[in-house]
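> You'll find work-v4.csv just under this line, and it carries CSV, C-alpha atoms and all ligand atoms.
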chain,number,residue,atom,x,y,z
A,974,MET,CA,-79.5,79.5,-191.0
A,975,SER,CA,-76.7,77.4,-192.5
A,976,LYS,CA,-75.5,73.8,-192.1
A,977,ILE,CA,-71.9,74.1,-191.3
A,978,LEU,CA,-69.1,71.4,-191.2
A,979,ILE,CA,-66.1,72.3,-189.1
A,980,THR,CA,-63.2,69.9,-188.9
A,981,GLY,CA,-61.0,70.4,-185.8
A,982,GLY,CA,-64.0,71.9,-183.9
A,983,ALA,CA,-62.6,70.8,-180.6
A,984,GLY,CA,-59.4,72.8,-181.1
A,985,TYR,CA,-58.3,76.3,-179.9
A,986,ILE,CA,-60.1,78.2,-182.7
A,987,GLY,CA,-62.7,75.5,-183.4
A,988,SER,CA,-64.2,75.3,-179.9
A,989,MET,CA,-64.7,79.0,-179.8
A,990,LEU,CA,-66.1,79.0,-183.4
A,991,CYS,CA,-68.6,76.1,-182.9
A,992,THR,CA,-69.9,77.9,-179.7
A,993,LYS,CA,-70.5,81.2,-181.5
A,994,LEU,CA,-72.1,79.7,-184.6
A,995,LEU,CA,-74.5,77.7,-182.4
A,996,GLU,CA,-75.4,80.8,-180.5
A,997,GLU,CA,-76.2,82.5,-183.8
A,998,GLY,CA,-78.6,79.6,-184.6
A,999,HIS,CA,-76.7,77.6,-187.2
A,1000,THR,CA,-76.5,73.8,-187.3
A,1001,VAL,CA,-72.9,72.6,-186.7
A,1002,THR,CA,-71.3,69.2,-187.3
A,1003,SER,CA,-67.7,68.8,-186.2
A,1004,VAL,CA,-65.2,66.0,-187.0
A,1005,ASP,CA,-62.5,65.9,-184.4
A,1006,LEU,CA,-60.3,63.1,-182.9
A,1007,LEU,CA,-60.2,65.0,-179.6
A,1008,LYS,CA,-56.4,64.6,-179.6
A,1009,TYR,CA,-55.8,67.1,-176.8
A,1010,ASP,CA,-58.6,68.5,-174.6
A,1011,LYS,CA,-61.3,65.9,-174.4
A,1012,GLY,CA,-63.8,68.3,-172.7
A,1013,SER,CA,-63.6,71.5,-174.9
A,1014,LEU,CA,-67.0,70.8,-176.4
A,1015,ASN,CA,-68.8,69.5,-173.3
A,1016,HIS,CA,-70.8,72.7,-173.0
A,1017,LEU,CA,-72.3,72.1,-176.5
A,1018,TYR,CA,-73.6,68.6,-176.4
A,1019,HIS,CA,-77.0,69.8,-174.9
A,1020,ASN,CA,-77.7,71.7,-178.1
A,1021,LYS,CA,-79.7,69.7,-180.7
A,1022,ASN,CA,-78.1,71.7,-183.5
A,1023,PHE,CA,-74.7,70.3,-182.6
A,1024,LYS,CA,-73.1,67.0,-183.5
A,1025,LEU,CA,-69.5,65.8,-182.8
A,1026,ILE,CA,-68.2,62.9,-185.0
A,1027,CYS,CA,-65.2,61.7,-183.1
A,1028,ASP,CA,-63.3,60.4,-186.1
A,1029,ASP,CA,-60.3,61.0,-188.4
A,1030,ILE,CA,-60.7,63.5,-191.2
A,1031,ARG,CA,-58.4,61.4,-193.3
A,1032,LYS,CA,-61.2,58.9,-193.8
A,1033,VAL,CA,-62.2,59.7,-197.4
A,1034,ASN,CA,-65.6,58.1,-197.5
A,1035,LEU,CA,-66.7,59.8,-194.2
A,1036,MET,CA,-65.6,63.2,-195.5
A,1037,LYS,CA,-67.1,62.7,-198.9
A,1038,LYS,CA,-70.6,62.1,-197.3
A,1039,LEU,CA,-70.2,65.0,-194.9
A,1040,ILE,CA,-69.0,67.5,-197.6
A,1041,ARG,CA,-72.1,66.7,-199.7
A,1042,LYS,CA,-74.5,67.2,-196.7
A,1043,HIS,CA,-73.1,70.6,-195.7
A,1044,GLU,CA,-73.2,74.0,-197.3
A,1045,ILE,CA,-70.4,75.8,-195.5
A,1046,ILE,CA,-67.1,74.0,-194.7
A,1047,ILE,CA,-64.4,75.3,-192.4
A,1048,PRO,CA,-61.5,72.9,-192.4
A,1049,LEU,CA,-59.5,73.6,-189.2
A,1050,ALA,CA,-58.3,70.1,-188.3
A,1051,ALA,CA,-54.5,69.9,-188.7
A,1052,LEU,CA,-51.3,69.1,-186.9
A,1053,VAL,CA,-50.6,72.7,-185.8
A,1054,GLY,CA,-47.2,74.1,-185.2
A,1055,ALA,CA,-43.7,73.5,-186.6
A,1056,PRO,CA,-42.4,71.3,-183.8
A,1057,LEU,CA,-45.4,68.9,-184.0
A,1058,CYS,CA,-45.2,68.6,-187.8
A,1059,GLU,CA,-41.4,67.9,-187.6
A,1060,LYS,CA,-42.1,65.1,-185.1
A,1061,PHE,CA,-44.9,63.5,-187.1
A,1062,LYS,CA,-44.0,64.3,-190.7
A,1063,LYS,CA,-46.2,61.7,-192.5
A,1064,ASP,CA,-49.2,62.5,-190.3
A,1065,ALA,CA,-48.6,66.2,-190.9
A,1066,ILE,CA,-48.8,65.8,-194.7
A,1067,SER,CA,-51.7,63.4,-194.7
A,1068,THR,CA,-53.7,65.5,-192.2
A,1069,ASN,CA,-52.9,69.0,-193.3
A,1070,LEU,CA,-52.7,68.4,-197.0
A,1071,GLY,CA,-54.4,65.1,-197.7
A,1072,SER,CA,-57.6,66.2,-196.1
A,1073,ILE,CA,-57.6,69.4,-198.2
A,1074,LYS,CA,-57.1,67.2,-201.4
A,1075,THR,CA,-60.2,65.2,-200.4
A,1076,LEU,CA,-62.1,68.4,-199.8
A,1077,CYS,CA,-61.1,69.8,-203.2
A,1078,LYS,CA,-62.1,66.5,-204.9
A,1079,TYR,CA,-65.6,66.3,-203.5
A,1080,ALA,CA,-66.6,70.0,-202.9
A,1081,THR,CA,-69.1,71.3,-205.5
A,1082,LYS,CA,-70.2,74.7,-206.4
A,1083,LYS,CA,-72.9,74.4,-203.7
A,1084,ASN,CA,-70.2,74.4,-201.0
A,1085,ARG,CA,-68.6,77.5,-199.5
A,1086,VAL,CA,-65.2,76.9,-198.0
A,1087,ILE,CA,-63.4,79.2,-195.5
A,1088,TYR,CA,-59.7,78.2,-195.1
A,1089,LEU,CA,-57.3,79.4,-192.5
A,1090,THR,CA,-53.5,79.3,-193.0
A,1091,THR,CA,-50.6,81.0,-191.2
A,1092,ASN,CA,-48.9,84.2,-192.3
A,1093,SER,CA,-45.7,82.8,-190.9
A,1094,GLY,CA,-44.1,82.5,-194.3
A,1095,TYR,CA,-44.0,86.3,-194.8
A,1096,GLY,CA,-40.9,88.3,-194.1
A,1097,ILE,CA,-38.5,85.4,-193.8
A,1098,GLY,CA,-35.0,86.9,-193.7
A,1099,GLU,CA,-36.2,90.4,-194.7
A,1100,LYS,CA,-35.9,92.6,-191.6
A,1101,ASN,CA,-38.8,94.9,-190.8
A,1102,LYS,CA,-40.6,94.0,-194.0
A,1103,TYR,CA,-44.1,95.3,-194.6
A,1104,CYS,CA,-46.2,92.5,-196.0
A,1105,ASP,CA,-49.4,92.5,-197.8
A,1106,GLU,CA,-51.3,89.7,-199.7
A,1107,ASN,CA,-49.0,90.2,-202.7
A,1108,SER,CA,-45.8,89.5,-200.7
A,1109,PRO,CA,-44.4,86.1,-201.4
A,1110,LEU,CA,-45.0,83.4,-198.8
A,1111,LYS,CA,-41.8,81.4,-198.3
A,1112,PRO,CA,-42.6,79.0,-195.4
A,1113,ILE,CA,-39.5,77.3,-193.9
A,1114,SER,CA,-41.2,74.7,-191.7
A,1115,LEU,CA,-43.1,71.6,-192.9
A,1116,TYR,CA,-46.1,73.0,-191.0
A,1117,GLY,CA,-45.9,76.3,-193.0
A,1118,LYS,CA,-45.4,74.4,-196.2
A,1119,THR,CA,-48.4,72.1,-195.7
A,1120,LYS,CA,-50.6,75.0,-194.9
A,1121,CYS,CA,-49.4,77.2,-197.9
A,1122,ASP,CA,-49.9,74.2,-200.2
A,1123,GLY,CA,-53.4,73.7,-198.7
A,1124,GLU,CA,-54.2,77.4,-199.5
A,1125,ASP,CA,-52.9,77.0,-203.1
A,1126,LEU,CA,-55.2,73.9,-203.6
A,1127,VAL,CA,-58.3,75.7,-202.1
A,1128,ARG,CA,-57.7,78.8,-204.3
A,1129,SER,CA,-57.2,76.8,-207.5
A,1130,LYS,CA,-59.8,74.0,-207.0
A,1131,ILE,CA,-62.7,75.3,-204.9
A,1132,LYS,CA,-65.3,77.3,-206.7
A,1133,ASN,CA,-66.5,79.3,-203.7
A,1134,HIS,CA,-63.8,80.0,-201.1
A,1135,VAL,CA,-62.2,82.6,-198.9
A,1136,CYS,CA,-58.7,82.2,-197.5
A,1137,PHE,CA,-57.3,83.9,-194.4
A,1138,ARG,CA,-53.6,84.2,-193.5
A,1139,LEU,CA,-53.7,84.5,-189.8
A,1140,ALA,CA,-51.5,86.4,-187.4
A,1141,THR,CA,-50.5,84.5,-184.2
A,1142,VAL,CA,-53.7,84.0,-182.2
A,1143,PHE,CA,-54.0,84.9,-178.5
A,1144,GLY,CA,-56.7,84.8,-175.7
A,1145,HIS,CA,-58.9,82.3,-173.9
A,1146,SER,CA,-60.5,79.3,-175.6
A,1147,TYR,CA,-62.4,76.2,-174.3
A,1148,ARG,CA,-59.3,74.3,-175.6
A,1149,MET,CA,-56.5,76.4,-174.2
A,1150,ARG,CA,-53.0,76.6,-175.7
A,1151,SER,CA,-50.0,78.1,-173.9
A,1152,ASP,CA,-47.6,77.6,-176.8
A,1153,LEU,CA,-48.7,80.6,-178.8
A,1154,LEU,CA,-46.5,83.6,-178.3
A,1155,VAL,CA,-48.7,86.0,-176.3
A,1156,ASN,CA,-50.3,83.1,-174.3
A,1157,ASN,CA,-46.8,81.6,-173.7
A,1158,PHE,CA,-45.3,84.9,-172.5
A,1159,VAL,CA,-48.1,85.5,-170.1
A,1160,TYR,CA,-48.0,81.9,-168.9
A,1161,THR,CA,-44.3,82.0,-168.3
A,1162,ALA,CA,-44.5,85.4,-166.6
A,1163,ILE,CA,-47.1,84.0,-164.1
A,1164,LYS,CA,-45.4,80.6,-163.5
A,1165,LYS,CA,-41.7,81.7,-163.5
A,1166,LYS,CA,-41.9,85.5,-162.9
A,1167,LYS,CA,-39.2,85.8,-165.5
A,1168,LEU,CA,-39.1,86.1,-169.3
A,1169,ILE,CA,-35.9,85.3,-171.2
A,1170,LEU,CA,-36.0,86.9,-174.6
A,1171,PHE,CA,-33.7,86.2,-177.6
A,1172,GLU,CA,-33.9,88.3,-180.8
A,1173,PRO,CA,-36.1,90.7,-178.8
A,1174,HIS,CA,-36.7,93.1,-181.7
A,1175,PHE,CA,-38.3,90.6,-184.1
A,1176,ARG,CA,-41.8,91.8,-184.9
A,1177,ARG,CA,-44.9,89.8,-185.2
A,1178,ASN,CA,-48.6,90.4,-185.7
A,1179,PHE,CA,-51.3,89.1,-183.3
A,1180,ILE,CA,-55.1,88.7,-183.2
A,1181,HIS,CA,-57.5,87.6,-180.4
A,1182,VAL,CA,-59.3,84.3,-181.0
A,1183,ARG,CA,-62.7,86.0,-180.6
A,1184,ASP,CA,-61.8,88.3,-183.5
A,1185,VAL,CA,-60.9,85.3,-185.7
A,1186,VAL,CA,-64.4,83.9,-184.9
A,1187,SER,CA,-66.0,87.4,-185.7
A,1188,ALA,CA,-64.1,87.5,-189.0
A,1189,ILE,CA,-65.4,84.1,-190.0
A,1190,ILE,CA,-69.0,85.1,-189.2
A,1191,PHE,CA,-68.5,88.4,-191.1
A,1192,THR,CA,-67.3,86.4,-194.1
A,1193,MET,CA,-70.3,84.1,-194.0
A,1194,LYS,CA,-72.6,87.2,-194.0
A,1195,ASN,CA,-70.7,88.9,-196.7
A,1196,PHE,CA,-69.5,85.9,-198.8
A,1197,ASN,CA,-70.3,87.4,-202.2
A,1198,VAL,CA,-68.1,90.5,-201.7
A,1199,MET,CA,-65.3,88.4,-200.1
A,1200,LYS,CA,-65.3,85.3,-202.3
A,1201,ASN,CA,-62.4,83.8,-204.1
A,1202,ASP,CA,-59.9,85.9,-202.5
A,1203,VAL,CA,-57.2,85.8,-199.8
A,1204,PHE,CA,-56.9,88.2,-196.8
A,1205,ASN,CA,-54.4,88.8,-194.0
A,1206,LEU,CA,-56.2,88.6,-190.7
A,1207,GLY,CA,-54.6,90.3,-187.7
A,1208,LEU,CA,-55.0,93.2,-185.3
A,1209,SER,CA,-53.5,96.3,-187.0
A,1210,THR,CA,-52.4,97.8,-183.7
A,1211,ALA,CA,-50.6,94.6,-182.8
A,1212,ASN,CA,-47.6,94.7,-185.2
A,1213,ILE,CA,-45.1,94.7,-182.3
A,1214,SER,CA,-41.8,93.3,-181.3
A,1215,LYS,CA,-41.2,90.6,-178.6
A,1216,ILE,CA,-39.7,93.2,-176.3
A,1217,MET,CA,-42.7,95.5,-176.7
A,1218,LEU,CA,-45.0,92.6,-175.9
A,1219,ALA,CA,-42.9,91.7,-172.8
A,1220,LYS,CA,-43.1,95.3,-171.6
A,1221,LYS,CA,-46.9,95.4,-172.1
A,1222,ILE,CA,-47.2,92.3,-169.9
A,1223,LYS,CA,-44.9,93.9,-167.3
A,1224,LYS,CA,-47.2,96.9,-167.1
A,1225,GLN,CA,-50.0,94.7,-165.9
A,1226,TYR,CA,-47.8,92.1,-164.0
A,1227,LYS,CA,-45.3,94.2,-162.1
A,1228,ASN,CA,-43.4,91.2,-160.6
A,1229,LEU,CA,-42.0,90.3,-164.0
A,1230,GLN,CA,-38.3,90.3,-164.7
A,1231,ILE,CA,-37.3,90.6,-168.4
A,1232,LYS,CA,-33.9,89.3,-169.4
A,1233,ILE,CA,-32.4,89.6,-172.9
A,1234,ILE,CA,-29.9,87.0,-174.1
A,1235,THR,CA,-27.8,87.5,-177.3
A,1236,ASN,CA,-26.4,84.0,-177.8
A,1237,ARG,CA,-29.6,82.3,-179.0
A,1238,LYS,CA,-31.3,82.7,-182.4
A,1239,ASP,CA,-35.0,82.5,-183.0
A,1240,PRO,CA,-35.7,79.4,-185.2
A,1241,ASP,CA,-38.9,81.2,-186.4
A,1242,LYS,CA,-37.3,83.8,-188.7
A,1243,ARG,CA,-40.3,86.1,-188.8
A,1244,ASP,CA,-39.6,89.8,-188.5
A,1245,TYR,CA,-42.3,91.7,-190.2
A,1246,PHE,CA,-45.2,94.2,-190.2
A,1247,VAL,CA,-48.4,92.8,-191.7
A,1248,SER,CA,-50.9,95.0,-193.5
A,1249,ASN,CA,-54.6,94.1,-192.7
A,1250,LYS,CA,-55.9,96.9,-194.9
A,1251,LYS,CA,-57.4,94.6,-197.5
A,1252,ILE,CA,-60.0,93.0,-195.1
A,1253,GLU,CA,-60.5,96.3,-193.3
A,1254,LYS,CA,-61.6,97.8,-196.6
A,1255,LYS,CA,-64.2,95.1,-196.9
A,1256,GLY,CA,-65.6,96.3,-193.5
A,1257,PHE,CA,-64.0,93.9,-191.0
A,1258,LYS,CA,-61.6,95.2,-188.4
A,1259,ALA,CA,-60.1,93.2,-185.5
A,1260,LYS,CA,-60.9,95.0,-182.2
A,1261,ILE,CA,-59.8,93.2,-179.1
A,1262,SER,CA,-56.6,94.8,-177.9
A,1263,LEU,CA,-53.5,93.1,-176.7
A,1264,ASP,CA,-53.9,94.8,-173.3
A,1265,ARG,CA,-57.4,93.2,-172.9
A,1266,GLY,CA,-56.0,89.8,-174.0
A,1267,ILE,CA,-53.1,90.1,-171.5
A,1268,ALA,CA,-55.5,91.0,-168.6
A,1269,GLU,CA,-57.7,88.0,-169.5
A,1270,LEU,CA,-54.7,85.6,-169.7
A,1271,ILE,CA,-53.3,86.9,-166.4
A,1272,GLN,CA,-56.6,85.9,-164.7
A,1273,ILE,CA,-56.6,82.5,-166.3
A,1274,PHE,CA,-53.0,81.5,-165.6
A,1275,THR,CA,-53.2,82.8,-162.1
A,1276,ASN,CA,-56.5,81.2,-161.1
A,1277,ASP,CA,-57.0,78.1,-163.2
A,1278,LYS,CA,-54.9,75.3,-161.8
A,1279,ASN,CA,-55.8,72.9,-164.6
A,1280,LYS,CA,-52.9,71.7,-166.7
A,1281,VAL,CA,-52.8,73.1,-170.2
A,1282,ILE,CA,-52.5,70.3,-172.8
A,1283,ASN,CA,-50.3,71.6,-175.6
A,1284,ASN,CA,-49.8,70.0,-179.0
A,1285,TYR,CA,-46.2,69.0,-178.2
A,1301,LIG,N1,-53.8,79.2,-183.6
A,1301,LIG,C1,-53.1,79.9,-184.4
A,1301,LIG,O1,-52.3,80.9,-184.1
A,1301,LIG,C2,-53.3,79.7,-185.9
A,1301,LIG,C3,-52.7,80.6,-186.8
A,1301,LIG,C4,-52.8,80.4,-188.2
A,1301,LIG,C5,-53.5,79.3,-188.7
A,1301,LIG,N2,-54.1,78.5,-187.8
A,1301,LIG,C6,-54.9,77.3,-188.3
A,1301,LIG,O2,-56.2,77.2,-187.7
A,1301,LIG,C7,-56.5,75.9,-187.6
A,1301,LIG,C8,-56.9,75.5,-186.1
A,1301,LIG,O3,-55.7,75.8,-185.3
A,1301,LIG,P1,-55.9,75.6,-183.7
A,1301,LIG,O4,-54.9,76.6,-183.1
A,1301,LIG,O5,-57.3,75.7,-183.3
A,1301,LIG,O6,-55.2,74.2,-183.5
A,1301,LIG,P2,-55.6,73.0,-182.5
A,1301,LIG,O7,-54.4,72.1,-182.5
A,1301,LIG,O8,-56.0,73.6,-181.2
A,1301,LIG,O9,-56.8,72.2,-183.2
A,1301,LIG,C9,-56.7,71.3,-184.1
A,1301,LIG,C10,-57.8,70.2,-183.9
A,1301,LIG,O10,-57.7,69.3,-185.0
A,1301,LIG,C11,-57.9,68.0,-184.4
A,1301,LIG,N3,-57.3,67.0,-185.3
A,1301,LIG,C12,-56.0,66.9,-185.6
A,1301,LIG,N4,-55.8,65.9,-186.5
A,1301,LIG,C13,-57.0,65.3,-186.7
A,1301,LIG,C14,-57.5,64.3,-187.6
A,1301,LIG,N5,-56.6,63.5,-188.3
A,1301,LIG,N6,-58.8,64.0,-187.6
A,1301,LIG,C15,-59.7,64.7,-186.8
A,1301,LIG,N7,-59.3,65.7,-186.0
A,1301,LIG,C16,-58.0,66.0,-186.0
A,1301,LIG,C17,-57.3,68.0,-183.0
A,1301,LIG,O11,-57.9,67.0,-182.2
A,1301,LIG,C18,-57.6,69.5,-182.6
A,1301,LIG,O12,-58.8,69.5,-181.8
A,1301,LIG,C19,-55.4,75.0,-188.1
A,1301,LIG,O13,-55.7,74.6,-189.4
A,1301,LIG,C20,-54.2,76.0,-188.1
A,1301,LIG,O14,-53.3,75.7,-189.1
A,1301,LIG,C21,-54.0,78.6,-186.4
Step by step, read the file and then write its structure as structure tokens.


Amino acid sequence: MSKILITGGAGYIGSMLCTKLLEEGHTVTSVDLLKYDKGSLNHLYHNKNFKLICDDIRKVNLMKKLIRKHEIIIPLAALVGAPLCEKFKKDAISTNLGSIKTLCKYATKKNRVIYLTTNSGYGIGEKNKYCDENSPLKPISLYGKTKCDGEDLVRSKIKNHVCFRLATVFGHSYRMRSDLLVNNFVYTAIKKKKLILFEPHFRRNFIHVRDVVSAIIFTMKNFNVMKNDVFNLGLSTANISKIMLAKKIKKQYKNLQIKIITNRKDPDKRDYFVSNKKIEKKGFKAKISLDRGIAELIQIFTNDKNKVINNY
């Protein structure tokens, strides 16, 4: 069993990951400021193998000590999303990139680092492009840039690492987000009964949050065959356009009205197919379908009246 340090453990991916790693018997320490959902780790405090340090990952001395005490490090804490990073530019750079510089400075060959970035820099301005890990990443937002620069640092400075370029994540988490595309479409469908789409044929790739967690656990178990490489991580059957996604939701939520407007551009210029073959060849394949995720989200947004606290 491993000693694992997860920054941003209270977040959308982190709270699901901490839960699963503890179930598997690992010891987990998380550093998180609990910026959004204060209760997303409440179900874990009973576990003697879990510790939350409610503090800032930008504190170099704190992180230096923790990096030395832990074998596996999964740095998830970040200001996530383009609008949030635009609003808090300095914090975006110090959090998303500064913390990775600290990690690169103090990690030794004893550490194994698993780093997640976004694949949103692929396919910018190249309609219907098929992207693999050799396609250039050309992020347009500050968020995308800080994450891509973080990946470059990890790949060049950390002796033992695996990097993932993630598709847009969907599904339920202890820290819910309704700003991610699938979650947002289902949320809007339930709350407004109407979806307004612009640039409806833009394609994206998606993955369920539980599949992200499974991929990380797969990587920990197969580190030697994965190490020092970068992998796209998405569900291969979910390379679909916004209109196809809206129609999938309508199949399960008949009340939905879909309206297409032509006078608005999508600021997120992604329009691409993403190949996940490289990780699939290593033996990991994302499995949870969009239809299952949509069914799950319909239940949540219909029945849970708690307000979702988004990042912006
Ligand atoms: N969700 C996605 O679709 C997606 C896609 C690609 C990559 N990622 C990456 O995965 C990681 C996790 O994303 P998420 O969706 O779980 O985001 P999230 O916003 O839900 O979680 C981020 C967590 O970091 C914490 N945090 C922020 N600044 C901090 C600081 N200075 N000190 C301590 N804690 C701090 C927040 O409190 C929050 O709990 C991020 O690095 C993100 O870039 C996510």

> What does the distance between CA of Arg1176 in chain A and CA of Gly1123 in chain A come to in Å, to one decimal place?

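A separation of 25.5 Å between them.
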
> I'd like the neighbourhood of range 1098-1114 of chain A as a VMD selection string, where a residue qualifies if any of its atoms comes within 12 Å (using all atoms listed in the file), though same-chain residues fewer than 6 positions away should be ignored.

chain A and resid 1053 to 1060 1062 1065 1090 to 1092 1120 to 1122 1124 to 1125 1136 to 1140 1172 1174 to 1178 1202 to 1207 1212 to 1214 1239 to 1252

> As an exercise, work out the distance from CA of Ile1233 in chain A to CA of Glu1269 in chain A in Å and give it to one decimal place.

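These atoms are spaced 25.6 Å apart.
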
> Which residues of chain A have any atom within 6 Å of an atom in ligand LIG 1301 (chain A) when counting all atoms listed in the file, and what is the closest pair of atoms for each, with the distance in Å to one decimal? Order the rows by chain and rising number and write it as JSON lines.


{"residue": "A:Gly981", "atom": "CA", "partner": "A:LIG1301", "partner_atom": "O10", "distance": 3.6}
{"residue": "A:Ala983", "atom": "CA", "partner": "A:LIG1301", "partner_atom": "O12", "distance": 4.2}
{"residue": "A:Gly984", "atom": "CA", "partner": "A:LIG1301", "partner_atom": "O9", "distance": 3.4}
{"residue": "A:Tyr985", "atom": "CA", "partner": "A:LIG1301", "partner_atom": "O5", "distance": 3.6}
{"residue": "A:Ile986", "atom": "CA", "partner": "A:LIG1301", "partner_atom": "O5", "distance": 3.8}
{"residue": "A:Gly987", "atom": "CA", "partner": "A:LIG1301", "partner_atom": "O5", "distance": 5.4}
{"residue": "A:Val1004", "atom": "CA", "partner": "A:LIG1301", "partner_atom": "C15", "distance": 5.7}
{"residue": "A:Asp1005", "atom": "CA", "partner": "A:LIG1301", "partner_atom": "N7", "distance": 3.6}
{"residue": "A:Leu1006", "atom": "CA", "partner": "A:LIG1301", "partner_atom": "N7", "distance": 4.2}
{"residue": "A:Leu1007", "atom": "CA", "partner": "A:LIG1301", "partner_atom": "O11", "distance": 4.0}
{"residue": "A:Lys1008", "atom": "CA", "partner": "A:LIG1301", "partner_atom": "O11", "distance": 3.8}
{"residue": "A:Tyr1009", "atom": "CA", "partner": "A:LIG1301", "partner_atom": "O11", "distance": 5.8}
{"residue": "A:Asp1028", "atom": "CA", "partner": "A:LIG1301", "partner_atom": "C15", "distance": 5.7}
{"residue": "A:Asp1029", "atom": "CA", "partner": "A:LIG1301", "partner_atom": "N6", "distance": 3.4}
{"residue": "A:Ile1030", "atom": "CA", "partner": "A:LIG1301", "partner_atom": "N6", "distance": 4.1}
{"residue": "A:Arg1031", "atom": "CA", "partner": "A:LIG1301", "partner_atom": "N5", "distance": 5.7}
{"residue": "A:Leu1049", "atom": "CA", "partner": "A:LIG1301", "partner_atom": "O13", "distance": 3.9}
{"residue": "A:Ala1050", "atom": "CA", "partner": "A:LIG1301", "partner_atom": "O10", "distance": 3.4}
{"residue": "A:Ala1051", "atom": "CA", "partner": "A:LIG1301", "partner_atom": "C12", "distance": 4.6}
{"residue": "A:Leu1052", "atom": "CA", "partner": "A:LIG1301", "partner_atom": "C12", "distance": 5.3}
{"residue": "A:Val1053", "atom": "CA", "partner": "A:LIG1301", "partner_atom": "O7", "distance": 5.1}
{"residue": "A:Thr1068", "atom": "CA", "partner": "A:LIG1301", "partner_atom": "N5", "distance": 5.3}
{"residue": "A:Leu1089", "atom": "CA", "partner": "A:LIG1301", "partner_atom": "C6", "distance": 5.3}
{"residue": "A:Thr1090", "atom": "CA", "partner": "A:LIG1301", "partner_atom": "C5", "distance": 4.3}
{"residue": "A:Thr1091", "atom": "CA", "partner": "A:LIG1301", "partner_atom": "C4", "distance": 3.8}
{"residue": "A:Leu1139", "atom": "CA", "partner": "A:LIG1301", "partner_atom": "C4", "distance": 4.5}
{"residue": "A:Ala1140", "atom": "CA", "partner": "A:LIG1301", "partner_atom": "C3", "distance": 6.0}
{"residue": "A:Thr1141", "atom": "CA", "partner": "A:LIG1301", "partner_atom": "O1", "distance": 4.0}
{"residue": "A:Val1142", "atom": "CA", "partner": "A:LIG1301", "partner_atom": "O1", "distance": 3.9}

> Looking at only C-alpha atoms, which of A:Pro1173, A:Lys1082, A:Thr1119, A:Ser1072 is the one that sits closest to Gly1094 in chain A?

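So, comparing all the options, the nearest one is A:Thr1119.
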
> Out of A:Leu1070, A:Val1159, A:Cys991, A:Ile977, which residue has the shortest atom-to-atom distance to Tyr1147 in chain A when counting all atoms listed in the file?

A:Cys991

> May I ask which of the residues A:His1016, A:Arg1085, A:Lys976, A:His1043 is the closest one to Val1001 in chain A, counting all atoms listed in the file?

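The shortest atom-to-atom distance to Val1001 in chain A comes from A:Lys976.
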
> Quick one: distance from CA of Ile979 in chain A to CA of Asn1133 in chain A in Å, one decimal?

16.2 Å

> Mind checking which residues fall within 10 Å of Arg1150 in chain A, counting only C-alpha atoms, ignoring those fewer than 4 positions away in the same chain, and posting them as a CSV table (one decimal) with C-alpha atoms, in the frame of the given file?


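Okay, selection.csv is ready:
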chain,number,residue,atom,x,y,z
A,984,GLY,CA,-59.4,72.8,-181.1
A,985,TYR,CA,-58.3,76.3,-179.9
A,1009,TYR,CA,-55.8,67.1,-176.8
A,1010,ASP,CA,-58.6,68.5,-174.6
A,1142,VAL,CA,-53.7,84.0,-182.2
A,1143,PHE,CA,-54.0,84.9,-178.5
A,1144,GLY,CA,-56.7,84.8,-175.7
A,1145,HIS,CA,-58.9,82.3,-173.9
A,1146,SER,CA,-60.5,79.3,-175.6
A,1154,LEU,CA,-46.5,83.6,-178.3
A,1156,ASN,CA,-50.3,83.1,-174.3
A,1157,ASN,CA,-46.8,81.6,-173.7
A,1160,TYR,CA,-48.0,81.9,-168.9
A,1281,VAL,CA,-52.8,73.1,-170.2
A,1282,ILE,CA,-52.5,70.3,-172.8
A,1283,ASN,CA,-50.3,71.6,-175.6
A,1284,ASN,CA,-49.8,70.0,-179.0

> So which one's closest to Ile1045 in chain A, A:Met1193, A:Leu1168, A:Val1182, A:Val1155? Using all atoms listed in the file, please.

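Closest candidate: A:Met1193.
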
> Counting all atoms listed in the file, figure out which residue out of A:Ile1026, A:Leu1035, A:Ile1190, A:Asp1277 gets nearest to Glu996 in chain A.

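Closest residue, counting all atoms listed in the file: A:Ile1190.
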
> Every residue with an atom at most 10 Å from (-49.1, 84.3, -168.8) (file coordinates; only C-alpha atoms) is what I'm after, so could you write them as number ranges by chain?

A: 1151, 1154-1166, 1222, 1226, 1267-1275

> With C-alpha atoms retained, write the just-selected residues as a tab-separated table (two decimals), in the frame of the given file.


chain	number	residue	atom	x	y	z
A	1151	SER	CA	-50.00	78.10	-173.90
A	1154	LEU	CA	-46.50	83.60	-178.30
A	1155	VAL	CA	-48.70	86.00	-176.30
A	1156	ASN	CA	-50.30	83.10	-174.30
A	1157	ASN	CA	-46.80	81.60	-173.70
A	1158	PHE	CA	-45.30	84.90	-172.50
A	1159	VAL	CA	-48.10	85.50	-170.10
A	1160	TYR	CA	-48.00	81.90	-168.90
A	1161	THR	CA	-44.30	82.00	-168.30
A	1162	ALA	CA	-44.50	85.40	-166.60
A	1163	ILE	CA	-47.10	84.00	-164.10
A	1164	LYS	CA	-45.40	80.60	-163.50
A	1165	LYS	CA	-41.70	81.70	-163.50
A	1166	LYS	CA	-41.90	85.50	-162.90
A	1222	ILE	CA	-47.20	92.30	-169.90
A	1226	TYR	CA	-47.80	92.10	-164.00
A	1267	ILE	CA	-53.10	90.10	-171.50
A	1268	ALA	CA	-55.50	91.00	-168.60
A	1269	GLU	CA	-57.70	88.00	-169.50
A	1270	LEU	CA	-54.70	85.60	-169.70
A	1271	ILE	CA	-53.30	86.90	-166.40
A	1272	GLN	CA	-56.60	85.90	-164.70
A	1273	ILE	CA	-56.60	82.50	-166.30
A	1274	PHE	CA	-53.00	81.50	-165.60
A	1275	THR	CA	-53.20	82.80	-162.10
